[in-house]
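Q: To be precise about what I am sending: the file is called upload-v6.pdb and holds PDB, C-alpha atoms, pLDDT in the B column.
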ATOM      1  CA  MET A 417     -19.144  19.158 -37.555  1.00 93.00           C
ATOM      2  CA  SER A 418     -17.018  21.895 -39.059  1.00 96.00           C
ATOM      3  CA  PHE A 419     -15.929  24.941 -37.086  1.00 97.00           C
ATOM      4  CA  LEU A 420     -14.111  28.202 -37.792  1.00 97.00           C
ATOM      5  CA  LEU A 421     -12.403  29.941 -34.890  1.00 97.00           C
ATOM      6  CA  ASP A 422     -12.289  33.698 -35.103  1.00 96.00           C
ATOM      7  CA  GLU A 423      -8.991  35.365 -34.211  1.00 94.00           C
ATOM      8  CA  SER A 424     -10.513  36.329 -30.854  1.00 93.00           C
ATOM      9  CA  ALA A 425     -11.099  32.682 -29.888  1.00 94.00           C
ATOM     10  CA  GLU A 426      -8.455  30.816 -27.935  1.00 94.00           C
ATOM     11  CA  ALA A 427      -6.355  28.596 -30.206  1.00 92.00           C
ATOM     12  CA  ARG A 428      -6.572  25.703 -27.706  1.00 93.00           C
ATOM     13  CA  ILE A 429     -10.240  25.287 -28.601  1.00 95.00           C
ATOM     14  CA  ALA A 430      -9.284  23.893 -32.024  1.00 94.00           C
ATOM     15  CA  GLY A 431      -7.498  20.954 -30.423  1.00 92.00           C
ATOM     16  CA  VAL A 432     -10.492  20.181 -28.233  1.00 92.00           C
ATOM     17  CA  LEU A 433     -12.701  20.099 -31.320  1.00 94.00           C
ATOM     18  CA  THR A 434     -10.418  18.020 -33.524  1.00 94.00           C
ATOM     19  CA  ALA A 435      -9.727  15.354 -30.865  1.00 91.00           C
ATOM     20  CA  PRO A 436     -13.210  13.769 -31.217  1.00 89.00           C
ATOM     21  CA  GLY A 437     -13.107  14.156 -35.009  1.00 92.00           C
ATOM     22  CA  HIS A 438     -14.565  17.587 -35.719  1.00 94.00           C
ATOM     23  CA  ASP A 439     -12.990  19.764 -38.410  1.00 95.00           C
ATOM     24  CA  ALA A 440     -11.680  23.061 -37.026  1.00 96.00           C
ATOM     25  CA  THR A 441      -9.784  25.844 -38.768  1.00 94.00           C
ATOM     26  CA  ARG A 442      -8.703  29.203 -37.397  1.00 94.00           C
ATOM     27  CA  ILE A 443      -8.611  32.677 -38.892  1.00 93.00           C
ATOM     28  CA  GLY A 444      -4.994  33.844 -38.897  1.00 84.00           C
ATOM     29  CA  ARG A 445      -3.579  30.304 -38.926  1.00 78.00           C
ATOM     30  CA  ASP A 446      -5.442  28.374 -41.624  1.00 72.00           C
ATOM     31  CA  ASP A 447      -7.185  31.326 -43.255  1.00 70.00           C
ATOM     32  CA  PRO A 448      -6.176  34.952 -43.907  1.00 72.00           C
ATOM     33  CA  ALA A 449      -5.693  37.162 -40.839  1.00 77.00           C
ATOM     34  CA  SER A 450      -7.292  40.514 -40.056  1.00 83.00           C
ATOM     35  CA  LEU A 451     -10.438  40.018 -42.110  1.00 90.00           C
ATOM     36  CA  PRO A 452     -13.383  42.298 -41.308  1.00 95.00           C
ATOM     37  CA  ASP A 453     -16.062  40.594 -39.213  1.00 96.00           C
ATOM     38  CA  ALA A 454     -18.564  40.527 -42.088  1.00 96.00           C
ATOM     39  CA  ALA A 455     -15.988  38.766 -44.286  1.00 95.00           C
ATOM     40  CA  VAL A 456     -15.257  36.190 -41.555  1.00 96.00           C
ATOM     41  CA  LEU A 457     -18.975  35.474 -41.162  1.00 97.00           C
ATOM     42  CA  ALA A 458     -19.441  35.208 -44.937  1.00 96.00           C
ATOM     43  CA  PHE A 459     -16.459  32.861 -45.185  1.00 95.00           C
ATOM     44  CA  ALA A 460     -17.823  30.645 -42.394  1.00 96.00           C
ATOM     45  CA  HIS A 461     -21.239  30.583 -44.086  1.00 97.00           C
ATOM     46  CA  HIS A 462     -19.747  29.737 -47.486  1.00 97.00           C
ATOM     47  CA  GLU A 463     -17.719  26.900 -45.946  1.00 96.00           C
ATOM     48  CA  GLN A 464     -20.714  25.821 -43.796  1.00 97.00           C
ATOM     49  CA  ARG A 465     -18.661  26.175 -40.628  1.00 97.00           C
ATOM     50  CA  ILE A 466     -19.925  27.118 -37.185  1.00 97.00           C
ATOM     51  CA  LEU A 467     -18.111  30.280 -36.135  1.00 98.00           C
ATOM     52  CA  ILE A 468     -16.641  30.395 -32.617  1.00 98.00           C
ATOM     53  CA  THR A 469     -15.828  33.850 -31.310  1.00 97.00           C
ATOM     54  CA  ASN A 470     -15.489  36.156 -28.309  1.00 96.00           C
ATOM     55  CA  ASP A 471     -16.479  39.165 -30.441  1.00 96.00           C
ATOM     56  CA  LYS A 472     -20.022  40.376 -29.754  1.00 94.00           C
ATOM     57  CA  ASP A 473     -20.041  42.226 -33.092  1.00 95.00           C
ATOM     58  CA  PHE A 474     -20.953  38.895 -34.705  1.00 97.00           C
ATOM     59  CA  GLY A 475     -24.181  38.881 -32.704  1.00 93.00           C
ATOM     60  CA  GLU A 476     -24.975  42.269 -34.217  1.00 94.00           C
ATOM     61  CA  LEU A 477     -24.276  40.984 -37.734  1.00 97.00           C
ATOM     62  CA  VAL A 478     -26.478  37.927 -37.244  1.00 97.00           C
ATOM     63  CA  VAL A 479     -29.383  39.359 -35.242  1.00 95.00           C
ATOM     64  CA  ARG A 480     -29.740  42.962 -36.346  1.00 95.00           C
ATOM     65  CA  ARG A 481     -28.219  42.957 -39.808  1.00 95.00           C
ATOM     66  CA  ARG A 482     -29.441  39.439 -40.623  1.00 95.00           C
ATOM     67  CA  HIS A 483     -26.270  38.259 -42.339  1.00 97.00           C
ATOM     68  CA  PRO A 484     -26.493  34.612 -43.384  1.00 97.00           C
ATOM     69  CA  TYR A 485     -24.566  32.174 -41.223  1.00 97.00           C
ATOM     70  CA  ALA A 486     -24.136  28.455 -40.630  1.00 97.00           C
ATOM     71  CA  GLY A 487     -24.050  28.846 -36.841  1.00 97.00           C
ATOM     72  CA  VAL A 488     -22.292  31.071 -34.306  1.00 98.00           C
ATOM     73  CA  ILE A 489     -21.047  30.250 -30.830  1.00 98.00           C
ATOM     74  CA  LEU A 490     -20.422  33.546 -29.050  1.00 97.00           C
ATOM     75  CA  PHE A 491     -18.548  33.410 -25.745  1.00 97.00           C
ATOM     76  CA  ARG A 492     -19.557  36.143 -23.281  1.00 96.00           C
ATOM     77  CA  PHE A 493     -17.143  35.561 -20.424  1.00 97.00           C
ATOM     78  CA  PRO A 494     -15.361  38.076 -18.159  1.00 95.00           C
ATOM     79  CA  LEU A 495     -11.959  39.214 -19.399  1.00 91.00           C
ATOM     80  CA  ASP A 496     -10.161  37.230 -16.687  1.00 92.00           C
ATOM     81  CA  SER A 497     -11.774  33.937 -17.751  1.00 93.00           C
ATOM     82  CA  THR A 498      -9.516  31.098 -18.778  1.00 92.00           C
ATOM     83  CA  ALA A 499      -9.531  29.101 -21.991  1.00 93.00           C
ATOM     84  CA  ARG A 500     -10.342  26.042 -19.856  1.00 94.00           C
ATOM     85  CA  GLN A 501     -13.587  27.667 -18.645  1.00 95.00           C
ATOM     86  CA  LYS A 502     -14.657  28.328 -22.232  1.00 95.00           C
ATOM     87  CA  ILE A 503     -13.651  24.834 -23.325  1.00 95.00           C
ATOM     88  CA  HIS A 504     -15.722  23.332 -20.508  1.00 95.00           C
ATOM     89  CA  ALA A 505     -18.740  25.438 -21.575  1.00 96.00           C
ATOM     90  CA  LEU A 506     -18.241  24.447 -25.228  1.00 95.00           C
ATOM     91  CA  GLU A 507     -18.065  20.769 -24.291  1.00 94.00           C
ATOM     92  CA  ALA A 508     -21.327  21.180 -22.350  1.00 93.00           C
ATOM     93  CA  LEU A 509     -22.958  22.822 -25.367  1.00 94.00           C
ATOM     94  CA  LEU A 510     -21.836  20.080 -27.739  1.00 93.00           C
ATOM     95  CA  ALA A 511     -22.989  17.374 -25.331  1.00 92.00           C
ATOM     96  CA  SER A 512     -26.407  18.933 -24.790  1.00 91.00           C
ATOM     97  CA  ARG A 513     -27.361  19.993 -28.307  1.00 87.00           C
ATOM     98  CA  PRO A 514     -27.830  17.711 -31.291  1.00 78.00           C
ATOM     99  CA  ALA A 515     -26.326  18.777 -34.598  1.00 80.00           C
ATOM    100  CA  PRO A 516     -26.770  20.967 -36.511  1.00 86.00           C
ATOM    101  CA  LEU A 517     -25.805  24.002 -34.457  1.00 92.00           C
ATOM    102  CA  ASP A 518     -27.223  26.386 -37.042  1.00 94.00           C
ATOM    103  CA  ARG A 519     -28.246  29.110 -34.601  1.00 95.00           C
ATOM    104  CA  LEU A 520     -26.615  31.827 -32.551  1.00 97.00           C
ATOM    105  CA  PHE A 521     -25.553  30.388 -29.196  1.00 97.00           C
ATOM    106  CA  VAL A 522     -24.464  32.845 -26.523  1.00 97.00           C
ATOM    107  CA  VAL A 523     -22.371  30.954 -23.998  1.00 96.00           C
ATOM    108  CA  SER A 524     -21.613  32.568 -20.648  1.00 96.00           C
ATOM    109  CA  PRO A 525     -20.818  31.475 -17.082  1.00 95.00           C
ATOM    110  CA  GLN A 526     -24.570  31.697 -16.420  1.00 93.00           C
ATOM    111  CA  GLY A 527     -25.427  29.193 -19.155  1.00 93.00           C
ATOM    112  CA  ILE A 528     -26.339  28.943 -22.823  1.00 93.00           C
ATOM    113  CA  ARG A 529     -28.882  31.102 -24.647  1.00 93.00           C
ATOM    114  CA  THR A 530     -30.090  30.449 -28.170  1.00 93.00           C
ATOM    115  CA  ARG A 531     -31.328  33.046 -30.659  1.00 82.00           C
TER
END
Output the file's structure as structure tokens, nothing else.
A:
Amino acid sequence: MSFLLDESAEARIAGVLTAPGHDATRIGRDDPASLPDAAVLAFAHHEQRILITNDKDFGELVVRRRHPYAGVILFRFPLDSTARQKIHALEALLASRPAPLDRLFVVSPQGIRTR
């Protein structure tokens, strides 16, 4: 699978994704920095990449404004959460869901919701 990490996502997540053979790029490292959220979502859709983010504005773009997307994984963790906690939750999501991940997944300490 192909993923795009938003600037808000922890950079360590890319390594976790590429280790088993997924393709992962990151806004600000592999792609231009400081893009507006709508442009990031459009870029991910154009590239057919699943967007990984901590920014709840992407949920608004997908659900309320109905922007096209290839898939979004939105982390909703407390501010003091560690990257390891998010990585563990992402690994659980990938292990429990068959591809494609072409929906909005809201991942939190309480579990995974799909929209």
Q: Choose the residue, out of A:Arg513, A:Arg531, A:Arg442, A:His504, that has the smallest atom-to-atom separation from Arg482 in chain A; count all atoms listed in the file.
A: A:Arg531
Q: Name the residues in contact with Asp446 in chain A at a cut-off of 12 Å, using only C-alpha atoms, excluding same-chain residues fewer than 4 positions from it; report them as a PyMOL selection string.
A: chain A and resi 419-423+427+430+439-442
Q: Expand the PyMOL selection byres ((chain A and resi 451-453) around 12) into the explicit residue set it covers here, and present it as a list in words.
A: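 This file gives the following for the PyMOL selection byres ((chain A and resi 451-453) around 12): Asp422, Glu423, Ser424, Arg442, Ile443, Gly444, Asp447, Pro448, Ala449, Ser450, Ala454, Ala455, Val456, Leu457, Ala458, Phe459, Ala460, Leu467, Thr469, Asn470, Asp471, Lys472, Asp473, Phe474, Gly475, Glu476, Leu477, Val478 and His483 of chain A.
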Q: I'd like the neighbourhood of Pro494 in chain A as a PDB file with C-alpha atoms, in the frame of the given file, where a residue qualifies if any of its atoms comes within 10 Å (using all atoms listed in the file), though same-chain residues fewer than 3 positions away should be ignored.
A:
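Done, and the output landed in part03.pdb:
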ATOM      1  CA  PHE A 491     -18.548  33.410 -25.745  1.00 97.00           C
ATOM      2  CA  SER A 497     -11.774  33.937 -17.751  1.00 93.00           C
ATOM      3  CA  THR A 498      -9.516  31.098 -18.778  1.00 92.00           C
ATOM      4  CA  SER A 524     -21.613  32.568 -20.648  1.00 96.00           C
ATOM      5  CA  PRO A 525     -20.818  31.475 -17.082  1.00 95.00           C
TER       6      PRO A 525
END
Q: Using only C-alpha atoms, pick whichever of A:Ala508, A:Ala515, A:Ala499, A:Ile489 has the shortest atom-to-atom distance to Thr530 in chain A.
A: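 Distance minimum relative to Thr530 in chain A lands on A:Ile489.
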Q: Nearest to Leu517 in chain A: which of A:Arg445, A:Ala425, A:His438, A:Val488 is it, counting all atoms listed in the file?
A: A:Val488
Q: Which of these residues is nearest to Leu433 in chain A, using only C-alpha atoms: A:Gln526, A:His461, A:Asp518, A:Glu507?
A: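 Distance minimum relative to Leu433 in chain A lands on A:Glu507.
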Q: Just checking: using only C-alpha atoms, which residue out of A:Ile503, A:Tyr485, A:Asp496, A:Val432 ends up closest to Leu520 in chain A?
A: A:Tyr485
Q: What separation in Å, quoted to one decimal, exists between CA of Arg465 in chain A and CA of Arg480 in chain A?
A: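 Here the two named atoms are 20.6 Å from each other.
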Q: Please measure the separation of CA of Phe493 in chain A and CA of Gln464 in chain A, giving the value in Å to one decimal.
A: 25.6 Å
Q: I need the residue nearest Ala511 in chain A from this list: A:Pro436, A:Ala486, A:Ser418, A:Ile468. Use all atoms listed in the file for the distance.
A: A:Pro436
